[in-house]
file target_35.txt (compact mmCIF, C-alpha atoms)
# COMPACT_ATOMS: atom_id res chain seq x y z
CA SER A 1 8.71 72.80 -61.55
CA SER A 2 10.96 74.15 -58.86
CA PRO A 3 14.09 72.14 -58.18
CA ASP A 4 13.79 72.88 -54.46
CA HIS A 5 11.94 69.64 -53.77
CA CYS A 6 14.82 67.56 -55.14
CA VAL A 7 17.38 69.00 -52.82
CA SER A 8 17.77 67.13 -49.53
CA PRO A 9 17.53 69.34 -46.43
CA ARG A 10 20.82 70.43 -45.03
CA ARG A 11 21.84 69.07 -41.67
CA GLU A 12 22.26 71.94 -39.28
CA LEU A 13 25.49 71.95 -37.36
CA PRO A 14 25.60 72.92 -33.72
CA PRO A 15 26.63 76.48 -33.05
CA SER A 16 30.28 77.18 -32.57
CA GLY A 17 31.47 76.65 -29.05
CA THR A 18 28.73 74.07 -28.34
CA ALA A 19 29.71 70.47 -27.76
CA ALA A 20 28.29 67.87 -30.11
CA PRO A 21 25.74 65.43 -28.65
CA PRO A 22 27.41 62.30 -27.27
CA ALA A 23 27.52 59.26 -29.49
CA ARG A 24 25.25 56.33 -28.65
CA THR A 25 27.12 53.73 -26.68
CA GLY A 26 26.35 50.49 -24.93
CA ARG A 27 22.87 49.01 -25.08
CA ALA A 28 21.33 51.96 -26.93
CA ALA A 29 23.87 51.59 -29.75
CA THR A 30 23.25 47.83 -29.86
CA ARG A 31 19.51 48.32 -30.17
CA MET A 32 19.95 50.89 -32.90
CA SER A 33 22.29 48.62 -34.85
CA ASP A 34 19.87 45.71 -34.50
CA TYR A 35 17.02 47.83 -35.73
CA LEU A 36 18.98 49.21 -38.70
CA SER A 37 20.24 45.77 -39.78
CA THR A 38 17.17 43.60 -39.18
CA GLY A 39 14.29 46.01 -38.81
CA GLY A 40 13.64 44.88 -35.22
CA ILE A 41 15.14 44.94 -31.77
CA ARG A 42 16.76 41.86 -30.29
CA SER A 43 14.88 40.16 -27.44
CA PRO A 44 16.17 40.92 -23.96
CA ASP A 45 18.55 38.42 -22.41
CA ILE A 46 16.02 37.49 -19.73
CA LEU A 47 13.68 36.19 -22.43
CA ILE A 48 16.41 34.40 -24.35
CA ASN A 49 17.65 32.55 -21.28
CA THR A 50 14.20 31.58 -20.01
CA PRO A 51 14.19 27.85 -19.16
CA ARG A 52 11.90 25.85 -21.38
CA ARG A 53 10.61 22.31 -21.01
CA THR A 54 11.93 20.21 -23.85
CA GLU A 55 10.89 16.67 -22.89
CA ALA A 56 7.46 15.35 -23.75
CA VAL A 57 4.73 14.90 -21.16
CA SER A 58 4.86 11.39 -19.76
CA ARG A 59 2.12 9.27 -18.20
CA ASP A 60 3.53 10.07 -14.76
CA ASP A 61 2.39 13.66 -15.25
CA LEU A 62 -1.22 12.61 -15.72
CA PHE A 63 -3.58 12.70 -12.80
CA LEU A 64 -4.52 9.03 -13.07
CA GLU A 65 -0.92 8.03 -12.50
CA GLY A 66 -0.42 10.33 -9.54
CA TYR A 67 -0.19 7.98 -6.57
CA GLY A 68 1.83 10.65 -4.82
CA ARG A 69 -0.81 13.35 -5.25
CA GLN A 70 -2.18 15.14 -2.27
CA PHE A 71 -4.69 13.34 -0.09
CA GLY A 72 -7.58 15.72 -0.75
CA GLU A 73 -7.23 15.57 -4.53
CA LYS A 74 -7.05 11.78 -4.56
CA MET A 75 -10.01 11.47 -2.20
CA THR A 76 -12.24 13.81 -4.23
CA TYR A 77 -11.34 12.27 -7.57
CA SER A 78 -11.64 8.64 -6.45
CA VAL A 79 -14.91 9.06 -4.56
CA GLY A 80 -16.48 10.94 -7.46
CA ILE A 81 -15.46 8.32 -10.00
CA THR A 82 -16.65 5.34 -7.97
CA TYR A 83 -19.93 7.03 -7.07
CA GLY A 84 -20.64 7.69 -10.74
CA LEU A 85 -19.72 4.15 -11.76
CA GLY A 86 -21.81 2.65 -8.95
CA LEU A 87 -24.76 4.86 -9.84
CA MET A 88 -24.67 3.82 -13.49
CA THR A 89 -24.09 0.14 -12.74
CA GLY A 90 -26.85 -0.02 -10.14
CA GLY A 91 -29.20 1.93 -12.38
CA PHE A 92 -28.58 -0.43 -15.28
CA TYR A 93 -29.12 -3.47 -13.06
CA GLY A 94 -32.34 -1.96 -11.71
CA ALA A 95 -33.53 -1.19 -15.21
CA MET A 96 -33.05 -4.83 -16.22
CA LEU A 97 -35.01 -5.97 -13.18
CA GLY A 98 -37.79 -3.50 -14.00
CA VAL A 99 -37.97 -4.72 -17.58
CA ARG A 100 -38.16 -8.32 -16.41
CA GLN A 101 -40.89 -7.48 -13.90
CA GLY A 102 -42.91 -5.64 -16.53
CA GLY A 103 -46.33 -4.06 -16.11
CA ALA A 104 -49.90 -4.42 -17.32
CA THR A 105 -49.83 -1.04 -19.12
CA SER A 106 -47.12 1.16 -20.54
CA LYS A 107 -47.35 3.51 -17.57
CA LEU A 108 -47.00 0.65 -15.08
CA PHE A 109 -44.08 -0.73 -17.09
CA LEU A 110 -42.29 2.63 -17.07
CA ASN A 111 -43.03 3.03 -13.36
CA SER A 112 -41.53 -0.37 -12.65
CA VAL A 113 -38.34 0.45 -14.54
CA LEU A 114 -37.91 3.83 -12.86
CA ASN A 115 -38.57 2.44 -9.40
CA SER A 116 -35.94 -0.26 -9.86
CA CYS A 117 -33.41 2.24 -11.21
CA THR A 118 -33.86 4.66 -8.32
CA ARG A 119 -33.70 1.80 -5.83
CA TYR A 120 -30.47 0.13 -6.91
CA GLY A 121 -28.58 3.00 -8.54
CA PRO A 122 -28.16 5.40 -5.60
CA ALA A 123 -27.71 2.50 -3.17
CA LEU A 124 -24.77 1.04 -5.07
CA GLY A 125 -23.34 4.51 -5.72
CA ASN A 126 -23.39 5.38 -2.03
CA GLN A 127 -21.82 2.07 -1.02
CA SER A 128 -19.06 2.46 -3.62
CA ALA A 129 -18.31 6.03 -2.56
CA ILE A 130 -18.13 5.19 1.16
CA ILE A 131 -15.94 2.13 0.66
CA THR A 132 -13.67 4.17 -1.63
CA MET A 133 -13.39 6.86 1.03
CA PHE A 134 -12.27 4.22 3.53
CA TYR A 135 -9.90 2.75 0.96
CA VAL A 136 -8.15 6.02 0.19
CA SER A 137 -7.76 6.74 3.89
CA PHE A 138 -6.34 3.30 4.69
CA HIS A 139 -4.12 3.39 1.60
CA GLY A 140 -2.53 6.66 2.63
CA LEU A 141 -2.09 5.51 6.23
CA ILE A 142 -0.56 2.16 5.29
CA GLY A 143 1.76 3.75 2.73
CA TRP A 144 2.93 6.27 5.33
CA ALA A 145 3.52 3.55 7.92
CA ARG A 146 5.34 1.15 5.56
CA GLY A 147 7.20 3.76 3.58
CA GLU A 148 6.39 1.85 0.39
CA ASP A 149 3.99 2.32 -2.51
CA ASP A 150 3.17 -1.09 -3.94
CA VAL A 151 0.25 -3.42 -4.57
CA VAL A 152 0.37 -4.70 -0.98
CA ASN A 153 -0.94 -1.34 0.18
CA ALA A 154 -3.89 -1.56 -2.22
CA ALA A 155 -4.78 -5.13 -1.24
CA THR A 156 -4.59 -4.41 2.48
CA ALA A 157 -6.44 -1.10 2.23
CA GLY A 158 -9.19 -2.62 0.07
CA THR A 159 -9.73 -5.51 2.47
CA LEU A 160 -9.85 -3.21 5.49
CA ALA A 161 -12.22 -0.81 3.71
CA GLY A 162 -14.74 -3.55 2.93
CA ALA A 163 -14.53 -5.00 6.42
CA PHE A 164 -14.84 -1.59 8.04
CA TYR A 165 -17.94 -0.82 5.98
CA LYS A 166 -19.73 -3.88 7.42
CA VAL A 167 -18.14 -3.87 10.86
CA ALA A 168 -21.43 -2.83 12.46
CA GLY A 169 -23.38 -5.58 10.72
CA ARG A 170 -24.69 -8.69 12.35
CA GLY A 171 -22.27 -11.56 12.08
CA TRP A 172 -18.89 -11.89 10.46
CA GLN A 173 -20.06 -13.38 7.16
CA PRO A 174 -21.24 -10.09 5.56
CA MET A 175 -18.05 -8.40 6.75
CA ALA A 176 -15.91 -11.18 5.25
CA LYS A 177 -17.79 -11.00 1.94
CA TYR A 178 -17.40 -7.24 1.66
CA ALA A 179 -13.74 -7.46 2.67
CA ALA A 180 -13.00 -10.11 0.01
CA VAL A 181 -14.86 -8.32 -2.77
CA SER A 182 -13.43 -4.90 -1.90
CA GLY A 183 -9.88 -6.24 -1.59
CA GLY A 184 -10.12 -8.00 -4.94
CA VAL A 185 -11.62 -5.02 -6.77
CA PHE A 186 -9.15 -2.44 -5.47
CA THR A 187 -6.18 -4.77 -5.98
CA GLY A 188 -7.22 -5.33 -9.59
CA LEU A 189 -7.70 -1.62 -10.20
CA ASP A 190 -4.32 -0.86 -8.65
CA LEU A 191 -2.62 -3.39 -10.91
CA LEU A 192 -4.37 -1.97 -13.98
CA PHE A 193 -3.21 1.53 -13.05
CA ARG A 194 0.37 0.41 -12.52
CA GLN A 195 0.49 -1.56 -15.76
CA GLY A 196 -0.86 1.40 -17.71
CA TYR A 197 -4.10 -0.21 -18.88
CA ILE A 198 -6.20 2.55 -17.31
call {"tool": "encode", "arguments": {"input": "target_35.txt", "output": "structure tokens"}}
result
Amino acid sequence: SSPDHCVSPRRELPPSGTAAPPARTGRAATRMSDYLSTGGIRSPDILINTPRRTEAVSRDDLFLEGYGRQFGEKMTYSVGITYGLGLMTGGFYGAMLGVRQGGATSKLFLNSVLNSCTRYGPALGNQSAIITMFYVSFHGLIGWARGEDDVVNAATAGTLAGAFYKVAGRGWQPMAKYAAVSGGVFTGLDLLFRQGYI
């Protein structure tokens, strides 16, 4: 075999009178040295110094704890939740009434259950959603006027929401009942949120 393949190729020198290429300096030399020593190029400084969040996510970052969230977000979330809960609660109550009423045949029995569900479910869902809409509005207004965010806002807003829902009714007794129930429910929910049980 020819020994030519064992001989490393000669490095050609620049012609006489021609200046040698400038040596690598600065960042190019640093990148070359990083690559030769580690097989890779060091990350740019802008990536190294990027701020990163080190603390864990707390309950205050969750949406349920966000009493300071924007009005539209709180309104949409709260109304949707209460409408769903009212719909399920009213539907379950109607189903129990339909089962108790019964029917002569299986078709009449099923018809009785479905009629009771569709009667009480949407009605309670609509009431809950409207009262919640009033509550969120009053809660934001009272908090803005008082400059505080405490349980007093929830109790006052809940009472006003229930009363405002029945303000057009006949007599003060239905309005007082709705105001008491609404104030108690929203005060209890507010306390559960603040204590971290929900």
call {"tool": "atom_distance", "arguments": {"input": "target_35.txt", "atom1": "CA of Thr76 (chain A)", "atom2": "CA of Val181 (chain A)"}}
result
22.3 Å
call {"tool": "closest_residue", "arguments": {"input": "target_35.txt", "among": "A:Ser106, A:Ala145, A:Asn153, A:Ser78", "to": "Ile131 (chain A)", "atoms": "all atoms listed in the file"}}
result
A:Ser78
call {"tool": "residues_around", "arguments": {"input": "target_35.txt", "residues": "Ile130 (chain A)", "least_positions_apart": "5", "cutoff": "9 Å", "atoms": "all atoms listed in the file", "output": "NGL selection string"}}
result
:A and (79 or 83 or 125 or 135 or 161 or 165)
call {"tool": "atom_distance", "arguments": {"input": "target_35.txt", "atom1": "CA of Gln173 (chain A)", "atom2": "CA of Thr187 (chain A)"}}
result
21.0 Å
call {"tool": "atom_distance", "arguments": {"input": "target_35.txt", "atom1": "CA of Thr159 (chain A)", "atom2": "CA of Ser182 (chain A)"}}
result
5.8 Å
call {"tool": "closest_residue", "arguments": {"input": "target_35.txt", "among": "A:Ala129, A:Val136, A:Ala95, A:Trp144", "to": "Cys117 (chain A)", "atoms": "all atoms listed in the file"}}
result
A:Ala95
call {"tool": "closest_residue", "arguments": {"input": "target_35.txt", "among": "A:Tyr197, A:Asn115, A:Gly86, A:Phe138", "to": "Val152 (chain A)", "atoms": "all atoms listed in the file"}}
result
A:Phe138
call {"tool": "residues_around", "arguments": {"input": "target_35.txt", "residues": "Ala154 (chain A)", "least_positions_apart": "5", "cutoff": "7 Å", "atoms": "only C-alpha atoms", "output": "ChimeraX atom specification"}}
result
/A:139,186-187,190
call {"tool": "closest_residue", "arguments": {"input": "target_35.txt", "among": "A:Met133, A:Ile142, A:Leu97, A:Ala104", "to": "Arg119 (chain A)", "atoms": "all atoms listed in the file"}}
result
A:Leu97
